[in-house]
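> data15.pdb is the file, holding PDB, C-alpha atoms:
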ATOM      1  CA  GLN A 133      19.032   6.732  29.531
ATOM      2  CA  THR A 134      17.903   4.737  32.519
ATOM      3  CA  PHE A 135      14.538   4.766  34.204
ATOM      4  CA  HIS A 136      12.779   3.858  37.412
ATOM      5  CA  ILE A 137       9.198   2.550  37.554
ATOM      6  CA  HIS A 138       6.825   3.493  40.340
ATOM      7  CA  GLN A 139       3.555   1.552  40.177
ATOM      8  CA  GLY A 140       0.412   3.362  41.259
ATOM      9  CA  LYS A 141      -3.171   2.077  41.158
ATOM     10  CA  CYS A 142      -3.328   1.889  37.357
ATOM     11  CA  VAL A 143      -0.542   4.195  36.193
ATOM     12  CA  LEU A 144       3.195   3.687  35.860
ATOM     13  CA  THR A 145       5.476   6.688  36.246
ATOM     14  CA  VAL A 146       8.791   6.562  34.398
ATOM     15  CA  GLN A 147      11.522   8.899  35.579
ATOM     16  CA  LEU A 148      14.131   9.647  32.915
ATOM     17  CA  CYS A 149      17.540  10.047  34.508
ATOM     18  CA  ASP A 150      19.228  11.634  31.483
ATOM     19  CA  GLU A 151      17.695  14.877  30.311
ATOM     20  CA  GLY A 152      19.351  15.215  26.924
ATOM     21  CA  GLU A 153      17.723  16.814  23.907
ATOM     22  CA  GLN A 154      14.683  14.711  23.017
ATOM     23  CA  GLY A 155      13.042  16.681  20.203
ATOM     24  CA  GLU A 156      10.034  14.909  18.730
ATOM     25  CA  VAL A 157      10.910  11.571  20.295
ATOM     26  CA  GLN A 158       8.011   9.344  21.349
ATOM     27  CA  PHE A 159       8.376   6.847  24.176
ATOM     28  CA  PHE A 160       6.731   3.437  24.526
ATOM     29  CA  LEU A 161       6.732   0.675  27.127
ATOM     30  CA  LEU A 162       6.863  -2.961  26.035
ATOM     31  CA  PHE A 163       5.740  -5.533  28.631
ATOM     32  CA  THR A 164       7.022  -9.039  27.842
ATOM     33  CA  GLY A 165       5.665 -12.013  29.775
ATOM     34  CA  SER A 166       5.859 -15.754  29.237
ATOM     35  CA  ALA A 167       2.794 -15.872  26.972
ATOM     36  CA  GLN A 168       1.654 -12.279  26.414
ATOM     37  CA  ARG A 169       3.224  -9.022  25.299
ATOM     38  CA  HIS A 170       1.718  -5.550  25.665
ATOM     39  CA  LEU A 171       2.843  -2.322  24.012
ATOM     40  CA  THR A 172       1.617   0.933  25.516
ATOM     41  CA  SER A 173       2.217   4.571  24.673
ATOM     42  CA  THR A 174       3.314   7.091  27.298
ATOM     43  CA  LEU A 175       2.225  10.574  28.293
ATOM     44  CA  LYS A 176       5.011  13.119  28.741
ATOM     45  CA  VAL A 177       4.278  14.888  32.028
ATOM     46  CA  ASN A 178       7.416  17.041  31.864
ATOM     47  CA  HIS A 179      10.911  16.926  30.357
ATOM     48  CA  ALA A 180      11.979  14.051  32.635
ATOM     49  CA  THR A 181       8.755  12.236  33.551
ATOM     50  CA  LEU A 182       6.554   9.855  31.570
ATOM     51  CA  GLN A 183       3.339   8.118  32.572
ATOM     52  CA  ALA A 184       1.609   5.068  31.109
ATOM     53  CA  VAL A 185      -1.428   2.992  31.972
ATOM     54  CA  CYS A 186      -0.354  -0.382  33.319
ATOM     55  CA  PRO A 187      -1.896  -3.142  31.163
ATOM     56  CA  ALA A 188      -3.704  -6.120  32.627
ATOM     57  CA  HIS A 189      -1.881  -9.434  32.376
ATOM     58  CA  ASN A 190      -3.061 -13.026  32.072
ATOM     59  CA  CYS A 191      -1.060 -14.562  34.919
ATOM     60  CA  CYS A 192       1.000 -13.792  37.989
ATOM     61  CA  GLU A 193       4.631 -13.482  37.016
ATOM     62  CA  SER A 194       7.552 -11.130  36.603
ATOM     63  CA  VAL A 195       7.521  -9.417  33.203
ATOM     64  CA  LEU A 196      10.281  -7.552  31.430
ATOM     65  CA  VAL A 197       9.441  -3.886  30.845
ATOM     66  CA  THR A 198      11.409  -2.216  28.054
ATOM     67  CA  LEU A 199      11.485   1.532  27.497
ATOM     68  CA  CYS A 200      11.671   2.288  23.771
ATOM     69  CA  SER A 201      11.859   5.514  21.799
ATOM     70  CA  ALA A 202      10.873   6.351  18.245
ATOM     71  CA  GLY A 203      12.363   9.396  16.541
ATOM     72  CA  PRO A 204      11.259  11.367  13.471
ATOM     73  CA  ASP A 205      13.401   9.077  11.309
ATOM     74  CA  GLY A 206      11.223   6.109  12.298
ATOM     75  CA  ASN A 207      14.020   4.215  14.009
ATOM     76  CA  ILE A 208      13.191   2.387  17.247
ATOM     77  CA  HIS A 209      15.711   2.454  20.081
ATOM     78  CA  THR A 210      15.815   0.390  23.268
ATOM     79  CA  LEU A 211      16.721   2.704  26.140
ATOM     80  CA  ALA A 212      16.400   0.650  29.316
ATOM     81  CA  THR A 213      14.771  -2.385  30.898
ATOM     82  CA  GLU A 214      13.243  -3.199  34.265
ATOM     83  CA  HIS A 215      11.162  -6.003  35.778
ATOM     84  CA  LEU A 216       7.590  -5.623  37.019
ATOM     85  CA  HIS A 217       5.822  -8.300  39.046
ATOM     86  CA  PHE A 218       2.118  -8.968  38.526
ATOM     87  CA  VAL A 219       0.525 -10.442  41.641
ATOM     88  CA  GLN A 220      -2.731 -12.301  42.106
ATOM     89  CA  ASP A 221      -5.556 -10.393  43.765
ATOM     90  CA  LEU A 222      -8.999 -11.164  45.141
ATOM     91  CA  ALA A 223     -10.772 -10.432  41.848
ATOM     92  CA  PHE A 224      -8.469 -12.832  40.004
ATOM     93  CA  ASP A 225      -9.080 -15.537  42.623
ATOM     94  CA  MET A 226     -12.813 -14.975  42.375
ATOM     95  CA  ALA A 227     -12.764 -15.103  38.568
ATOM     96  CA  GLN A 228     -10.909 -18.416  38.619
ATOM     97  CA  PHE A 229     -13.343 -19.843  41.159
ATOM     98  CA  LEU A 230     -16.419 -18.788  39.175
ATOM     99  CA  VAL A 231     -15.044 -20.180  35.922
ATOM    100  CA  SER A 232     -14.241 -23.511  37.586
ATOM    101  CA  ALA A 233     -17.632 -23.611  39.347
ATOM    102  CA  VAL A 234     -19.658 -23.564  36.120
ATOM    103  CA  GLY A 235     -21.749 -26.707  35.858
ATOM    104  CA  GLN A 236     -21.135 -27.594  39.514
ATOM    105  CA  THR A 237     -24.341 -26.580  41.252
ATOM    106  CA  ASN A 238     -23.005 -26.828  44.793
ATOM    107  CA  LEU A 239     -20.074 -24.517  44.045
ATOM    108  CA  LEU A 240     -22.201 -21.879  42.345
ATOM    109  CA  GLU A 241     -24.642 -21.948  45.237
ATOM    110  CA  GLU A 242     -21.696 -21.253  47.540
ATOM    111  CA  ALA A 243     -20.890 -18.231  45.395
ATOM    112  CA  LEU A 244     -24.363 -16.934  46.181
ATOM    113  CA  LEU A 245     -23.289 -16.501  49.804
ATOM    114  CA  LEU A 246     -21.998 -13.161  48.543
ATOM    115  CA  ASP A 247     -25.626 -12.243  48.021
ATOM    116  CA  GLU A 248     -26.397 -12.716  51.702
ATOM    117  CA  HIS A 249     -24.340  -9.655  52.594
ATOM    118  CA  GLN A 250     -25.550  -6.130  51.956
ATOM    119  CA  ILE A 251     -22.674  -4.874  49.849
ATOM    120  CA  PRO A 252     -22.776  -1.083  49.281
ATOM    121  CA  LEU A 253     -23.434   0.070  45.721
ATOM    122  CA  GLN A 254     -19.977   1.617  45.415
ATOM    123  CA  GLU A 255     -18.352  -1.685  46.375
ATOM    124  CA  CYS A 256     -20.484  -3.524  43.806
ATOM    125  CA  GLU A 257     -19.260  -1.125  41.133
ATOM    126  CA  LYS A 258     -15.647  -1.798  42.138
ATOM    127  CA  LEU A 259     -16.326  -5.536  42.078
ATOM    128  CA  ASP A 260     -17.898  -5.245  38.626
ATOM    129  CA  GLN A 261     -14.860  -3.407  37.271
ATOM    130  CA  SER A 262     -12.189  -5.645  38.803
ATOM    131  CA  LEU A 263     -13.991  -8.945  38.231
ATOM    132  CA  SER A 264     -14.804  -8.201  34.583
ATOM    133  CA  LEU A 265     -11.170  -7.249  33.968
ATOM    134  CA  ALA A 266      -9.961 -10.454  35.616
ATOM    135  CA  LEU A 267     -12.370 -12.585  33.578
ATOM    136  CA  LYS A 268     -11.131 -11.027  30.347
ATOM    137  CA  HIS A 269      -7.532 -11.926  31.114
ATOM    138  CA  ILE A 270      -7.716 -15.466  32.419
ATOM    139  CA  MET A 271      -7.477 -18.376  30.027
ATOM    140  CA  LEU A 272     -10.811 -20.168  29.765
ATOM    141  CA  PRO A 273     -10.557 -23.972  29.466
ATOM    142  CA  PRO A 274     -11.031 -25.390  25.940
ATOM    143  CA  GLY A 275     -14.723 -25.857  25.210
ATOM    144  CA  TRP A 276     -15.763 -23.835  28.261
ATOM    145  CA  SER A 277     -19.431 -22.825  28.325
ATOM    146  CA  LEU A 278     -21.754 -21.048  30.739
ATOM    147  CA  LEU A 279     -23.663 -24.328  30.971
ATOM    148  CA  GLY A 280     -20.613 -26.410  31.823
ATOM    149  CA  ASN A 281     -20.595 -29.883  30.309
ATOM    150  CA  SER A 282     -24.346 -30.270  30.582
ATOM    151  CA  THR A 283     -26.291 -30.915  27.389
ATOM    152  CA  ARG A 284     -29.643 -30.892  29.197
ATOM    153  CA  LEU A 285     -31.185 -27.546  30.073
ATOM    154  CA  GLU A 286     -32.300 -28.425  33.575
ATOM    155  CA  PRO A 287     -32.989 -25.698  36.173
ATOM    156  CA  GLN A 288     -29.631 -24.542  37.462
ATOM    157  CA  GLU A 289     -27.730 -21.536  38.712
ATOM    158  CA  THR A 290     -25.481 -19.882  36.110
ATOM    159  CA  LEU A 291     -22.995 -17.038  36.164
ATOM    160  CA  LEU A 292     -25.620 -14.818  34.544
ATOM    161  CA  HIS A 293     -27.838 -15.392  37.589
ATOM    162  CA  PHE A 294     -24.869 -14.436  39.761
ATOM    163  CA  ALA A 295     -24.270 -11.220  37.780
ATOM    164  CA  ALA A 296     -27.981 -10.369  37.830
ATOM    165  CA  ARG A 297     -28.185 -10.505  41.630
ATOM    166  CA  ARG A 298     -25.397  -8.012  42.153
ATOM    167  CA  GLY A 299     -26.059  -5.847  39.098
ATOM    168  CA  LEU A 300     -22.643  -6.637  37.597
ATOM    169  CA  LEU A 301     -23.137  -4.991  34.210
ATOM    170  CA  LYS A 302     -19.581  -5.317  32.879
ATOM    171  CA  VAL A 303     -19.351  -8.920  34.030
ATOM    172  CA  ALA A 304     -22.649  -9.657  32.282
ATOM    173  CA  ARG A 305     -21.389  -8.073  29.042
ATOM    174  CA  PHE A 306     -18.412 -10.433  29.106
ATOM    175  CA  LEU A 307     -20.550 -13.473  29.899
ATOM    176  CA  LEU A 308     -23.027 -12.762  27.102
ATOM    177  CA  LYS A 309     -20.191 -13.142  24.580
ATOM    178  CA  GLN A 310     -19.349 -16.645  25.806
ATOM    179  CA  PRO A 311     -20.671 -20.008  24.551
ATOM    180  CA  GLY A 312     -23.978 -21.004  26.102
ATOM    181  CA  ALA A 313     -24.941 -17.424  26.951
ATOM    182  CA  GLN A 314     -28.277 -17.353  25.139
ATOM    183  CA  GLU A 315     -29.352 -20.653  26.677
ATOM    184  CA  ALA A 316     -28.268 -19.498  30.148
ATOM    185  CA  LEU A 317     -30.148 -16.226  29.723
ATOM    186  CA  SER A 318     -33.464 -18.051  29.382
ATOM    187  CA  LEU A 319     -32.667 -20.774  31.918
ATOM    188  CA  CYS A 320     -34.474 -20.871  35.261
ATOM    189  CA  ASN A 321     -32.660 -21.692  38.471
ATOM    190  CA  LYS A 322     -34.122 -23.989  41.129
ATOM    191  CA  GLN A 323     -36.213 -21.097  42.418
ATOM    192  CA  GLY A 324     -37.785 -20.676  38.972
ATOM    193  CA  SER A 325     -36.070 -17.371  38.130
ATOM    194  CA  THR A 326     -34.183 -16.449  34.981
ATOM    195  CA  PRO A 327     -31.396 -13.831  35.039
ATOM    196  CA  VAL A 328     -33.875 -11.373  33.500
ATOM    197  CA  VAL A 329     -36.386 -11.915  36.305
ATOM    198  CA  ILE A 330     -33.681 -11.489  38.952
ATOM    199  CA  ALA A 331     -32.364  -8.271  37.390
ATOM    200  CA  GLN A 332     -35.901  -6.903  37.222
ATOM    201  CA  SER A 333     -36.702  -7.818  40.824
ATOM    202  CA  ARG A 334     -33.484  -6.179  42.052
ATOM    203  CA  GLY A 335     -34.096  -2.984  40.084
ATOM    204  CA  HIS A 336     -30.959  -3.289  37.937
ATOM    205  CA  THR A 337     -32.325  -1.295  34.997
ATOM    206  CA  ALA A 338     -29.144  -1.148  32.906
ATOM    207  CA  LEU A 339     -28.644  -4.885  33.282
ATOM    208  CA  LEU A 340     -32.262  -5.546  32.361
ATOM    209  CA  GLU A 341     -31.829  -3.500  29.180
ATOM    210  CA  LEU A 342     -28.693  -5.468  28.323
ATOM    211  CA  PHE A 343     -30.481  -8.791  28.792
ATOM    212  CA  SER A 344     -33.407  -7.614  26.661
ATOM    213  CA  ARG A 345     -31.361  -6.755  23.559
TER     214      ARG A 345
END
Could you render the structure as structure tokens?

Amino acid sequence: QTFHIHQGKCVLTVQLCDEGEQGEVQFFLLFTGSAQRHLTSTLKVNHATLQAVCPAHNCCESVLVTLCSAGPDGNIHTLATEHLHFVQDLAFDMAQFLVSAVGQTNLLEEALLLDEHQIPLQECEKLDQSLSLALKHIMLPPGWSLLGNSTRLEPQETLLHFAARRGLLKVARFLLKQPGAQEALSLCNKQGSTPVVIAQSRGHTALLELFSR
């Protein structure tokens, strides 16, 4: 069997070229990169078409995609291979910038320029989804913390303040699991506001509930 991959927004469609008897065969896609591997199951749309959710990847590179099958006997067979190229997007660029800006007040204040623009709610939701996904799949520097290298809790802007302004709930969930999160949550910026105060003033109820847990 051979196959062709057509990449959609989040779904890969696999077209089987040979339509032989398949029985109870299950198909899987194995994505092999330089440092990460992902194994995903497929949905059989019809006798010759499979679909699978494309996994997120930790860097921009060409990965080897292998179509595998597993029969009732438990044996795994390699059917075909193809290459898929992961490219860098705006959310990935933004995630890298925000991670590198931690502890550098001037850079984080530049990030707040985003707050000067009236971004529609729907666009904020898209940003929350894409940015949180990008943050989960980039490699954080060793010893990285929401407070940077600072050991003194002086008034400063943090990524939790950034998330609070835009109501980025999924981003905030990720940040709260990182080192320095509890300190950052109670830290005032230069305007005297904590992330909780900002979320409350902007009417981000779900985010306020998350911060209050």
> Just the residues within 10 Å of A:Ser232, please, counting all atoms listed in the file, with nothing from its chain fewer than 3 positions along; format it as a list in words.
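Here the answer would be Met226, Ala227, Gln228, Phe229, Gly235, Gln236, Leu239, Leu240, Leu272, Pro273, Trp276 and Gly280 of chain A.
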> Using the chain letters and numbers from the file, which residues does the PyMOL selection byres ((chain A and resi 290-299) around 8) grab, as a PyMOL selection string?
chain A and resi 230+234-235+240+243-244+247+256+278-279+288-289+300-301+303-304+307+316-317+321+326-328+330-331+334+336+339
> Just to confirm, what's the straight-line distance from atom CA of A:Ser173 to atom CA of A:Gly206 in Å (one decimal)?
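Rounded to one decimal, the two atoms are 15.4 Å apart.
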> Would you compute the distance between atom CA of A:Leu148 and atom CA of A:Asn190? Give it in Å to one decimal.
28.5 Å
> Mind listing whatever residues come within 7 Å of the point (-35.8, -9.4, 30.9)? Use only C-alpha atoms, file coordinates, and give them as a ChimeraX atom specification.
/A:328-329,332,340,343-344
> Save the residues we just selected, C-alpha atoms, as a PDB file, keeping the file's coordinate frame?

ATOM      1  CA  VAL A 328     -33.875 -11.373  33.500  1.00  0.00           C
ATOM      2  CA  VAL A 329     -36.386 -11.915  36.305  1.00  0.00           C
ATOM      3  CA  GLN A 332     -35.901  -6.903  37.222  1.00  0.00           C
ATOM      4  CA  LEU A 340     -32.262  -5.546  32.361  1.00  0.00           C
ATOM      5  CA  PHE A 343     -30.481  -8.791  28.792  1.00  0.00           C
ATOM      6  CA  SER A 344     -33.407  -7.614  26.661  1.00  0.00           C
TER       7      SER A 344
END
> Applying 8 Å and all atoms listed in the file, which residues near A:Phe306 remain after dropping the ones on its own chain fewer than 3 positions away? List them as a ChimeraX atom specification.
/A:264,267-268,302-303,309-310
> Give the answer as one residue: which of A:Leu171, A:Leu342, A:Val177, A:Ala266 has the shortest atom-to-atom distance to A:Leu199, using only C-alpha atoms?
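Checking each of A:Leu171, A:Leu342, A:Val177, A:Ala266 against A:Leu199, counting only C-alpha atoms, the winner is A:Leu171.
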